[in-house]
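S.K.: Please find one structure pasted underneath; my questions will follow.
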Amino acid sequence: MLAERVREDFPILKQTVYGKPLVYLDSAATSQKPRRVIDALVRYYQEYNANIHRGIYRIAEEATMRYEQSRGKIAAFIGATRPEEVVFTRSTTEAINLVAYAWGRANIRAGDEIILTEMEHHSNLVPWQLLAAEKQAKLRFIPFDGQGILQLDEYQRLLSERTKLVAVTHQSNVLGTINPIKEIAMTAHAAGATVLVDAAQSVPHMPVSVGDLGADFVAFSGHKMCGPTGAGVLWARYDLLDAMPPFHGGGEMIMLVQLESSTYKDPPHKFEAGTPSIADCIVLGEAVDYLQGIGMAAIRAHEQRLTDYTLRRLAEVEGVTLFGPRQLDRRGGVVAFATDVAHPHDVAQVLDQEGIAVRAGHHCTQPLHRRLGVAATTRASLYLYNNESDIDALVRGLHVARHLFSPRPAPAKR
């Protein structure tokens with residue numbers, strides 16, 4: 001099984017928590033890092049720590065070379081037509097804000113409409129709220145049904161000549177729903193709209209080709225795909241990047257600076273002002289090498305099998321309500337649930353005492369949780385290093401929580 005093959009690569013999984021083996025089920029928040037990624041980060045600082053694109057001495061040239069090599073690896077990983085379509089950012093959040101600021105301010109006018117979904121992470125919601133308020137534009141929302149599936153008939157109704165942007169998550173970080181981006185993008189383009197995809201929860205877990213998606217912008221984070229924090233990616237069609245004004249101003253992104261005006265470099269450098277997260281961006285390329293060595297199709301197949309096992313085991317626990325689709329081809333390895341005996345925070349604290357790391361709360365999706373009618377959920381999220389024994393431990397932990405929080409019968413009177 002895949003997990004047994006790769007678990008030895010992740011040093012953190014060897015530790016114990018409260019005397020029990022660590023069971024890490026929070027990869028939707030951030031993934032763990034294999035030894036080769038950790039070693040690559042140390043190697044940068046030990047062997048060729050220097051600023052990039054500027055120095056003409058040997059270690060500076062090596063840092064620049066490896067930084068641009070990483071860009072090329074990421075471009076190939078997502079099927080981009082050229083490395084210049086890949087812009088390094090700090091995170092998915094910054095990538096989306098870049099688009100909202102640089103593309104949005106130049107293209108959204110009063111009365112225009114932006115279509116989002118009710119399942120968006122705050123990172124693909126708040127930037128558009130800010131833009132809409134500034135530009136007097138209107139936000140519209142695609143609802144989802146009781147299974148967590150987008151209602152595309154309503155999407156068709158929302159589209160109009162006023163629609164300028166459709167921004168949608170590829171995979172929900174709560175419901176696990178995998179949305180039909182290709183269909184959504186084709187429909188949006190037919191209406192003359194531009195399409196942005198939040199791929200933070202999809203690129204780490206399945207084969208993703210930006211060409212197949214058919215979107216105009218795709219954003220994702222390195223730390224969710226076995227890479228370091230501080231490195232994110234915005235992919236965009238080159239003609240869009242070329243037409244967009246800069247996001248940040250400063251060193252490196254300029255061609256010529258005069259006292260009262262400047263000219264800018266071509267993409268992607270136009271959007272990478274100042275000293276970037278050099279080490280993190282280089283090491284993200286190492287994470288891509290690691291994932292490709294395993295195979296994204298193999299990772300997806302492993303997670304589908306484990307998701308099926310997780311859904312079946314959790315359904316056996318009394319009082320557990322599961323959220324999201326049941327069809328494995330329509331969902332990823334994110335399983336959110338509620339219990340009838342305790343708040344998700346209390347459940348997560350009990351699980352922590354059992355050595356099990358899960359996320360509890362609204363997961364930066366407050367509107368989604370209001371739509372579900374709950375304030376919070378407990379979320380177990382899977383990755384390539386998880387196995388059935390992790391899920392068995394989760395189920396045992398939930399039985400412990402149920403025993404602790406279930407009301408006790410009153411003692412009989414004498």
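Residue names in the structure tokens use chain letters A, B, ... in the order shown, residue numbers from 1 in each chain, and ligand numbers from 1 in the order shown.
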Determine, counting only C-alpha atoms, which protein, DNA and RNA residues have an atom within 9 Å of an atom of Gly146 of chain A; residues of the same chain fewer than 3 positions away are not included. Present the result as a VMD selection string.

M.R.: chain A and resid 149 323 to 325 372

S.K.: Please, which residues in segment 4-33 of chain A fall within 12 Å of segment 281-288 of chain A when counting only C-alpha atoms, and what is the closest atom pair and distance in Å to one decimal for each, ordered by chain then residue number, as a tab-separated table?

M.R.:
residue	atom	partner	partner_atom	distance
A:Ser31	CA	A:Ala287	CA	11.1
A:Gln32	CA	A:Ala287	CA	10.9
A:Lys33	CA	A:Ala287	CA	8.3

S.K.: Go ahead and write the selection's residues with C-alpha atoms as a compact mmCIF listing (two decimals), in the first residue's frame.

M.R.:
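For reference, selection_34.txt as written:
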# COMPACT_ATOMS: atom_id res chain seq x y z
CA SER A 31 0.87 18.74 4.76
CA GLN A 32 3.85 17.13 6.40
CA LYS A 33 7.25 17.32 4.67

S.K.: Could you produce a table of the residues of segment 366-413 of chain A lying within 7 Å of segment 346-355 of chain A, with the nearest pair of atoms per residue and their separation in Å rounded to one decimal, using only C-alpha atoms, ordered by chain and increasing residue number, as a Markdown table?

M.R.:
| residue | atom | partner | partner_atom | distance |
| --- | --- | --- | --- | --- |
| A:Thr378 | CA | A:Ala348 | CA | 7.0 |
| A:Gly397 | CA | A:Leu351 | CA | 5.4 |
| A:Ala401 | CA | A:Val350 | CA | 6.0 |

S.K.: Under the rule that only C-alpha atoms are counted, which of A:Tyr48, A:Gln171, A:Arg359, A:Val334 is the nearest residue to Glu61 of chain A?

M.R.: A:Tyr48

S.K.: Got a sec to tell me which of segment 80-194 of chain A DSSP assigns to strand (DSSP E), as a PyMOL selection string?

M.R.: chain A and resi 86-89+113-117+138-142+163-169+194

S.K.: Suppose we keep N, CA and C atoms; can you now write the selection as a PDB file, in the first residue's frame?

M.R.:
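Final file, out_29.pdb:
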ATOM      1  N   VAL A  86       3.976  31.008 -14.741  1.00  0.00           N
ATOM      2  CA  VAL A  86       3.990  30.679 -13.314  1.00  0.00           C
ATOM      3  C   VAL A  86       4.564  31.848 -12.522  1.00  0.00           C
ATOM      4  N   VAL A  87       3.748  32.433 -11.657  1.00  0.00           N
ATOM      5  CA  VAL A  87       4.169  33.522 -10.775  1.00  0.00           C
ATOM      6  C   VAL A  87       4.284  32.969  -9.368  1.00  0.00           C
ATOM      7  N   PHE A  88       5.425  33.192  -8.728  1.00  0.00           N
ATOM      8  CA  PHE A  88       5.585  32.782  -7.338  1.00  0.00           C
ATOM      9  C   PHE A  88       4.934  33.814  -6.422  1.00  0.00           C
ATOM     10  N   THR A  89       4.161  33.320  -5.469  1.00  0.00           N
ATOM     11  CA  THR A  89       3.554  34.148  -4.425  1.00  0.00           C
ATOM     12  C   THR A  89       3.877  33.498  -3.082  1.00  0.00           C
ATOM     13  N   GLU A 113     -20.759  41.932 -12.489  1.00  0.00           N
ATOM     14  CA  GLU A 113     -21.068  40.872 -11.534  1.00  0.00           C
ATOM     15  C   GLU A 113     -19.939  39.842 -11.477  1.00  0.00           C
ATOM     16  N   ILE A 114     -19.704  39.355 -10.276  1.00  0.00           N
ATOM     17  CA  ILE A 114     -18.722  38.300 -10.023  1.00  0.00           C
ATOM     18  C   ILE A 114     -19.479  37.125  -9.425  1.00  0.00           C
ATOM     19  N   ILE A 115     -19.329  35.956 -10.041  1.00  0.00           N
ATOM     20  CA  ILE A 115     -20.010  34.765  -9.543  1.00  0.00           C
ATOM     21  C   ILE A 115     -19.030  33.917  -8.739  1.00  0.00           C
ATOM     22  N   LEU A 116     -19.433  33.610  -7.502  1.00  0.00           N
ATOM     23  CA  LEU A 116     -18.685  32.729  -6.611  1.00  0.00           C
ATOM     24  C   LEU A 116     -19.590  31.564  -6.243  1.00  0.00           C
ATOM     25  N   THR A 117     -19.158  30.723  -5.300  1.00  0.00           N
ATOM     26  CA  THR A 117     -20.023  29.664  -4.809  1.00  0.00           C
ATOM     27  C   THR A 117     -20.207  29.809  -3.312  1.00  0.00           C
ATOM     28  N   LYS A 138     -21.365  43.610  -8.130  1.00  0.00           N
ATOM     29  CA  LYS A 138     -22.284  42.754  -7.373  1.00  0.00           C
ATOM     30  C   LYS A 138     -21.739  41.329  -7.340  1.00  0.00           C
ATOM     31  N   LEU A 139     -21.839  40.709  -6.178  1.00  0.00           N
ATOM     32  CA  LEU A 139     -21.456  39.308  -6.029  1.00  0.00           C
ATOM     33  C   LEU A 139     -22.695  38.429  -6.124  1.00  0.00           C
ATOM     34  N   ARG A 140     -22.566  37.334  -6.886  1.00  0.00           N
ATOM     35  CA  ARG A 140     -23.633  36.343  -7.003  1.00  0.00           C
ATOM     36  C   ARG A 140     -23.063  34.994  -6.582  1.00  0.00           C
ATOM     37  N   PHE A 141     -23.927  34.086  -6.133  1.00  0.00           N
ATOM     38  CA  PHE A 141     -23.424  32.848  -5.538  1.00  0.00           C
ATOM     39  C   PHE A 141     -24.146  31.620  -6.065  1.00  0.00           C
ATOM     40  N   ILE A 142     -23.368  30.626  -6.468  1.00  0.00           N
ATOM     41  CA  ILE A 142     -23.923  29.341  -6.894  1.00  0.00           C
ATOM     42  C   ILE A 142     -24.184  28.512  -5.632  1.00  0.00           C
ATOM     43  N   THR A 163     -21.756  39.421 -16.168  1.00  0.00           N
ATOM     44  CA  THR A 163     -20.780  38.575 -15.475  1.00  0.00           C
ATOM     45  C   THR A 163     -19.392  38.802 -16.062  1.00  0.00           C
ATOM     46  N   LYS A 164     -18.463  39.216 -15.230  1.00  0.00           N
ATOM     47  CA  LYS A 164     -17.084  39.446 -15.686  1.00  0.00           C
ATOM     48  C   LYS A 164     -16.112  38.402 -15.153  1.00  0.00           C
ATOM     49  N   LEU A 165     -16.455  37.765 -14.040  1.00  0.00           N
ATOM     50  CA  LEU A 165     -15.545  36.784 -13.448  1.00  0.00           C
ATOM     51  C   LEU A 165     -16.350  35.684 -12.768  1.00  0.00           C
ATOM     52  N   VAL A 166     -15.877  34.461 -12.933  1.00  0.00           N
ATOM     53  CA  VAL A 166     -16.372  33.314 -12.162  1.00  0.00           C
ATOM     54  C   VAL A 166     -15.183  32.779 -11.380  1.00  0.00           C
ATOM     55  N   ALA A 167     -15.269  32.802 -10.039  1.00  0.00           N
ATOM     56  CA  ALA A 167     -14.177  32.348  -9.171  1.00  0.00           C
ATOM     57  C   ALA A 167     -14.695  31.204  -8.312  1.00  0.00           C
ATOM     58  N   VAL A 168     -14.082  30.030  -8.443  1.00  0.00           N
ATOM     59  CA  VAL A 168     -14.640  28.827  -7.828  1.00  0.00           C
ATOM     60  C   VAL A 168     -13.527  27.920  -7.320  1.00  0.00           C
ATOM     61  N   THR A 169     -13.805  27.247  -6.216  1.00  0.00           N
ATOM     62  CA  THR A 169     -12.861  26.268  -5.709  1.00  0.00           C
ATOM     63  C   THR A 169     -12.921  24.998  -6.536  1.00  0.00           C
ATOM     64  N   THR A 194     -14.258  35.709 -17.380  1.00  0.00           N
ATOM     65  CA  THR A 194     -12.954  35.152 -17.041  1.00  0.00           C
ATOM     66  C   THR A 194     -13.132  34.207 -15.851  1.00  0.00           C
TER      67      THR A 194
END

S.K.: Could you state the separation of atom CA of Asp216 of chain A and atom CA of Asn107 of chain A in Å, given to one decimal place?

M.R.: 14.0 Å

S.K.: Would you return as an mmCIF file with N, CA and C atoms, in the first residue's frame the members of segment 190-219 of chain A that DSSP assigns to helix (DSSP H, G or I) on this structure's backbone?

M.R.:
data_model
loop_
_atom_site.group_PDB
_atom_site.id
_atom_site.type_symbol
_atom_site.label_atom_id
_atom_site.label_comp_id
_atom_site.auth_asym_id
_atom_site.auth_seq_id
_atom_site.Cartn_x
_atom_site.Cartn_y
_atom_site.Cartn_z
ATOM 1 N N ALA A 190 -18.244 31.128 -22.637
ATOM 2 C CA ALA A 190 -19.293 31.358 -23.630
ATOM 3 C C ALA A 190 -20.077 32.626 -23.335
ATOM 4 N N VAL A 210 -3.692 22.552 -16.145
ATOM 5 C CA VAL A 210 -4.389 23.829 -16.320
ATOM 6 C C VAL A 210 -5.024 23.908 -17.704
ATOM 7 N N GLY A 211 -4.427 23.252 -18.679
ATOM 8 C CA GLY A 211 -5.015 23.235 -20.013
ATOM 9 C C GLY A 211 -6.340 22.496 -20.031
ATOM 10 N N ASP A 212 -6.407 21.371 -19.329
ATOM 11 C CA ASP A 212 -7.652 20.607 -19.271
ATOM 12 C C ASP A 212 -8.725 21.347 -18.480
ATOM 13 N N LEU A 213 -8.317 22.044 -17.423
ATOM 14 C CA LEU A 213 -9.304 22.789 -16.640
ATOM 15 C C LEU A 213 -9.970 23.870 -17.480
#

S.K.: Using only C-alpha atoms, which residue out of A:Tyr385, A:Trp103, A:Trp235, A:Trp128 lies closest to Val218 of chain A?

M.R.: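 Using only C-alpha atoms, Val218 of chain A sits closest to A:Trp235.
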
S.K.: Within 7 Å of segment 241-250 of chain A, counting only C-alpha atoms, which residues show up once you throw out same-chain ones fewer than 6 positions away? Write them as a VMD selection string, please.

M.R.: chain A and resid 98 101 to 103 266 to 267 270 to 271 273 to 274

S.K.: Those residues you just picked out, can you put them in a file as a compact mmCIF listing (two decimals), in the first residue's frame with N, CA and C atoms?

M.R.:
# COMPACT_ATOMS: atom_id res chain seq x y z
N LEU A 98 -3.62 38.93 -5.64
CA LEU A 98 -2.92 39.50 -6.79
C LEU A 98 -3.89 39.71 -7.95
N TYR A 101 -6.50 42.43 -7.22
CA TYR A 101 -5.93 43.78 -7.26
C TYR A 101 -5.53 44.16 -8.68
N ALA A 102 -4.70 43.33 -9.32
CA ALA A 102 -4.11 43.71 -10.60
C ALA A 102 -5.08 43.52 -11.77
N TRP A 103 -5.74 42.37 -11.83
CA TRP A 103 -6.70 42.16 -12.91
C TRP A 103 -8.04 42.80 -12.57
N ASP A 266 8.84 41.91 -18.12
CA ASP A 266 7.81 41.02 -18.62
C ASP A 266 7.40 40.05 -17.51
N PRO A 267 6.21 39.43 -17.63
CA PRO A 267 5.82 38.38 -16.68
C PRO A 267 6.82 37.22 -16.76
N LYS A 270 7.42 40.78 -13.43
CA LYS A 270 6.65 41.99 -13.13
C LYS A 270 5.86 41.86 -11.83
N PHE A 271 5.56 40.61 -11.44
CA PHE A 271 4.73 40.37 -10.26
C PHE A 271 5.53 39.85 -9.06
N ALA A 273 8.05 41.45 -6.96
CA ALA A 273 8.85 42.59 -6.47
C ALA A 273 9.65 42.22 -5.24
N GLY A 274 10.84 42.79 -5.15
CA GLY A 274 11.66 42.61 -3.97
C GLY A 274 12.27 41.22 -3.89
